[in-house]
Amino acid sequence: MDINSRPVVVKRMPERINARTAREFLRDVRPFLSADRPQLVFDLSQVAQIDAAGVEMLLRCMSEAHKRDGDVKLASLSDQAAVVLELTRTERLFEIYESSTEAARSFSGFLPNAMRQQLLHNKRSAQPAAA
Amino acid sequence: MDIRGLLLVNSGSIGEVDQPATAALARTLDVAGKSPLLRMAERLQQYGISSLSAVVEDGPSVTPRNCGLPLDVPCVTAAPDRFWRTAESVFNDMAQKGAELVVLVRLSTFAEADFEKFVQFHLDHQGRVTQMSRGQQRLEIFCISASRRNDAASLFRTQLTRCRTECPLYEHEGYFNALADARDFRQFAIDILTRQAQTCPGGEEARPGVWIAPGALIEKGARVLAPAFVGAFARVHSGAVITRCSSIERHAVVDCGTVVENSTVLPFSYVGAGLDLAHSVAGLGRIVNLHRDVSVAVADPKLIGSISAKSGKRVLSAATDILTYLPRLAWQGIFAARAQQADLQAKLRQTSPVLGDAAGYETPACDTETSHKFPNMVVARRYGHQ
């Protein structure tokens with residue numbers, strides 16, 4: 001049963017994220033971040049280039065969301081974004097999903113993401129055995 | 001018998017020419033301290049083919065003096081449209097100067113051939129041109145009778161794709177690397193460091209499996225775990241970890257706290273502080289990630305930058321660093337809070353200092369419960385020999 005009534009904001013990130021576009025993006029999402037328990041999903045499917053300022057902005061958004069008991073989740077990471085997040089050791093800080101829909105749905109779930117993935121994995125591996 | 005060697009390097013046969021790191025590979029980029037071109041030249045010389053010439057295609061890559069070859073090996077650079085004509089004229093020069101046989105090697109692949117047997121095979125078959133093969137694949141390594149100029153001309157004019165007459169094939173049985181893309185380039189470094197190939201890393205073996213070239217600087221607190229290679233005048237800053245067949249090529253810089261795991265840092269490249277470079281070839285403003293099979297342009301010099309190939313600029317930069325060292329130290333001493341020396345385990349778990357305000361986030365390690373009990377366990381599992 002879905003008991004979460006708060007909105008989940010899905011925001012698509014620009015193709016190139018440098019210091020200037022990161023500032024603009026942060027300005028755009030700040031109203032959502034300053035809400036009570038903000039729930040944001042950043043769609044990185046179109047990101048072709050991201051630099052240190054872009055990663056810093058993502059961490060800042062996450063930090064602000066955490067301060068208000070909310071969360072920022074990432075979805076549809078492009079290969080370029082994934083490589084830079086891995087390089088800067090930040091991919092382990094975020095919950096990352098295959099699609100924005102999955103990421104948005106995860107906010108309404110009760111279990112933490114890792115536990116849910118584990119249960120899903122167990123269920124899948126049990127099915128062939130039962131068959 | 002007068003046997004000479006002709007080495008050809010051009011990017012025509014490289015599979016992924018859109019990737020500069022890959023395309024530049026064929027243009028004399030170092031792998032574990034020496035370029036494939038230099039390695040092949042050394043191999044030919046080992047087999048007594050001491051009179052060598054090279055023809056290298058002009059390119060934007062970082063090309064050292066004389067293409068990294070010893071100065072006694074004449075190296076001609078040619079524009080892409082004049083490449084084959086230049087190669088043919090170098091061959092004709094060799095023939096005119098008395099060569100009886102010419103061993104022609106195009107560096108599209110790297111094969112550790114037994115050239116003595118190859119030449120003997122050519123003489124035994126009394127052919128005009130003998131080609132080396134590996135199974136069904138024809139390698140671009142030929143033995144040509146220098147007097148057969150028409151056969152040679154035909155070969156050059158068809159870019160080594162067709163012989164004028166049917167040529168016997170000599171089967172290669174030794175080490176082979178296709179050098180087709182970044183994956184092969186990386187595999188070549190691994191094979192050299194793990195001694196799968198006969199060719200050795202450049203420099204001296206400082207510890208078993210750790211090869212250090214002259215002029216390399218490994219700062220106190222940095223760790224280089226075997227097998228690994230640190231090239232000439234490369235610099236590994238404090239807190240950095242180089243491991244799992246990683247190769248830091250000449251004049252490359254790995255900044256503080258960065259982990260380089262199963263990766264190659266190309267010559268004259270800079271890898272920023274506090275990064276995790278794994279399963280990649282990095283340099284020339286680009287990372288080729290082999291796990292994801294993707295090439296990513298990195299425009300941010302704080303992450304992956306380049307260092308000037310010109311020695312004057314490097315000296316100037318070093319002089320500026322020295323001159324500003326004391327004022328910077330004084331400034332930090334007066335205004336900055338004294339940072340406590342974090343242990344390596346903590347450093348490896350923090351986000352990169354290049355992230356400005358967001359630096360120093362604790363990132364979860366793979367097994368936090370164990371790491372509390374055994375502080376070195378995570379390092380041993382992630383970065384040690386597995």
# chains A, B, ... in the order shown; residues from 1 in each chain; ligands from 1
>>> interface_residues(of="chain A", to="chain B", cutoff="7 Å", atoms="only C-alpha atoms", output="PyMOL selection string")
chain A and resi 51-53+55-56+59-60+79-80+86-90+92-93
>>> write_last_selection(atoms="N, CA and C atoms", output="CSV table (one decimal), in the first residue's frame")
chain,number,residue,atom,x,y,z
A,51,ASP,N,31.6,18.0,-14.5
A,51,ASP,CA,32.9,18.2,-13.9
A,51,ASP,C,32.8,18.2,-12.4
A,52,ALA,N,33.9,18.6,-11.7
A,52,ALA,CA,33.9,18.6,-10.2
A,52,ALA,C,32.8,19.5,-9.7
A,53,ALA,N,32.6,20.6,-10.3
A,53,ALA,CA,31.5,21.5,-9.8
A,53,ALA,C,30.2,20.9,-9.9
A,55,VAL,N,29.5,17.6,-9.6
A,55,VAL,CA,29.4,16.6,-8.6
A,55,VAL,C,29.3,17.3,-7.2
A,56,GLU,N,30.0,18.4,-7.0
A,56,GLU,CA,29.8,19.2,-5.8
A,56,GLU,C,28.4,19.6,-5.6
A,59,LEU,N,26.2,16.8,-4.4
A,59,LEU,CA,26.4,16.5,-3.0
A,59,LEU,C,25.8,17.6,-2.1
A,60,ARG,N,25.8,18.8,-2.6
A,60,ARG,CA,25.2,19.9,-1.8
A,60,ARG,C,23.7,19.7,-1.8
A,79,ASP,N,26.6,6.9,-19.1
A,79,ASP,CA,27.9,6.3,-18.9
A,79,ASP,C,28.9,7.4,-18.4
A,80,GLN,N,28.8,8.6,-19.1
A,80,GLN,CA,29.7,9.7,-18.7
A,80,GLN,C,29.6,10.1,-17.3
A,86,GLU,N,32.0,7.7,-10.2
A,86,GLU,CA,32.9,6.6,-9.7
A,86,GLU,C,34.3,7.2,-9.4
A,87,LEU,N,34.7,8.0,-10.3
A,87,LEU,CA,36.1,8.6,-10.2
A,87,LEU,C,36.2,9.5,-9.0
A,88,THR,N,35.1,10.2,-8.6
A,88,THR,CA,35.2,11.1,-7.5
A,88,THR,C,34.7,10.4,-6.2
A,89,ARG,N,34.5,9.1,-6.3
A,89,ARG,CA,34.0,8.3,-5.1
A,89,ARG,C,32.7,8.7,-4.5
A,90,THR,N,31.8,9.3,-5.4
A,90,THR,CA,30.5,9.8,-4.9
A,90,THR,C,29.4,8.8,-5.2
A,92,ARG,N,28.8,6.0,-4.3
A,92,ARG,CA,28.4,5.2,-3.1
A,92,ARG,C,27.5,6.0,-2.2
A,93,LEU,N,27.5,7.3,-2.4
A,93,LEU,CA,26.7,8.2,-1.5
A,93,LEU,C,25.2,8.3,-1.9
>>> residues_around(residues="range 20-34 of chain A", least_positions_apart="3", cutoff="12 Å", atoms="only C-alpha atoms", output="MDAnalysis selection string")
chainID A and resid 6:17 37:42 47 49:72
>>> residues_around(residues="Tyr97 in chain A", least_positions_apart="5", cutoff="7 Å", atoms="only C-alpha atoms", output="short mmCIF file (atom, residue, chain, number, x, y, z; two decimals) with C-alpha atoms, in the first residue's frame")
data_model
loop_
_atom_site.label_atom_id
_atom_site.label_comp_id
_atom_site.auth_asym_id
_atom_site.auth_seq_id
_atom_site.Cartn_x
_atom_site.Cartn_y
_atom_site.Cartn_z
CA LEU A 74 19.75 9.60 -9.04
CA ALA A 75 18.25 7.86 -12.04
CA SER A 76 19.20 6.78 -15.56
CA GLU A 102 11.79 3.38 -10.21
CA ALA A 103 13.54 6.11 -8.26
#
>>> closest_residue(among="B:Met40, B:Ala189, B:Ala95, B:Ala213", to="Arg244 in chain B", atoms="only C-alpha atoms")
B:Ala189
>>> residues_around(residues="Phe268 in chain B", least_positions_apart="2", cutoff="7 Å", atoms="only C-alpha atoms", output="VMD selection string")
chain B and resid 250 to 252 266 270 306 to 309
>>> write_last_selection(atoms="N, CA and C atoms", output="compact mmCIF listing (two decimals), in the first residue's frame")
# COMPACT_ATOMS: atom_id res chain seq x y z
N ARG B 250 55.61 8.18 -18.12
CA ARG B 250 56.58 9.26 -17.84
C ARG B 250 55.89 10.63 -17.74
N HIS B 251 56.43 11.42 -16.78
CA HIS B 251 55.97 12.78 -16.52
C HIS B 251 54.50 12.87 -16.09
N ALA B 252 53.88 11.73 -15.79
CA ALA B 252 52.50 11.77 -15.30
C ALA B 252 52.52 12.10 -13.80
N LEU B 266 48.42 7.89 -18.90
CA LEU B 266 49.25 8.15 -20.08
C LEU B 266 50.33 9.20 -19.80
N TYR B 270 47.76 14.34 -15.76
CA TYR B 270 47.59 14.63 -14.35
C TYR B 270 46.29 14.01 -13.87
N SER B 306 46.40 17.78 -18.15
CA SER B 306 47.61 17.41 -18.87
C SER B 306 48.76 18.31 -18.43
N ILE B 307 49.94 17.79 -18.58
CA ILE B 307 51.15 18.50 -18.19
C ILE B 307 51.90 18.82 -19.46
N SER B 308 52.49 20.00 -19.50
CA SER B 308 53.16 20.41 -20.73
C SER B 308 54.28 19.44 -21.11
N ALA B 309 54.31 19.10 -22.39
CA ALA B 309 55.38 18.23 -22.87
C ALA B 309 56.67 19.01 -23.08
>>> select_by_dssp(residues="range 23-77 of chain A", states="strand (DSSP E or B)", output="PyMOL selection string")
chain A and resi 39-43+49-50+71-75
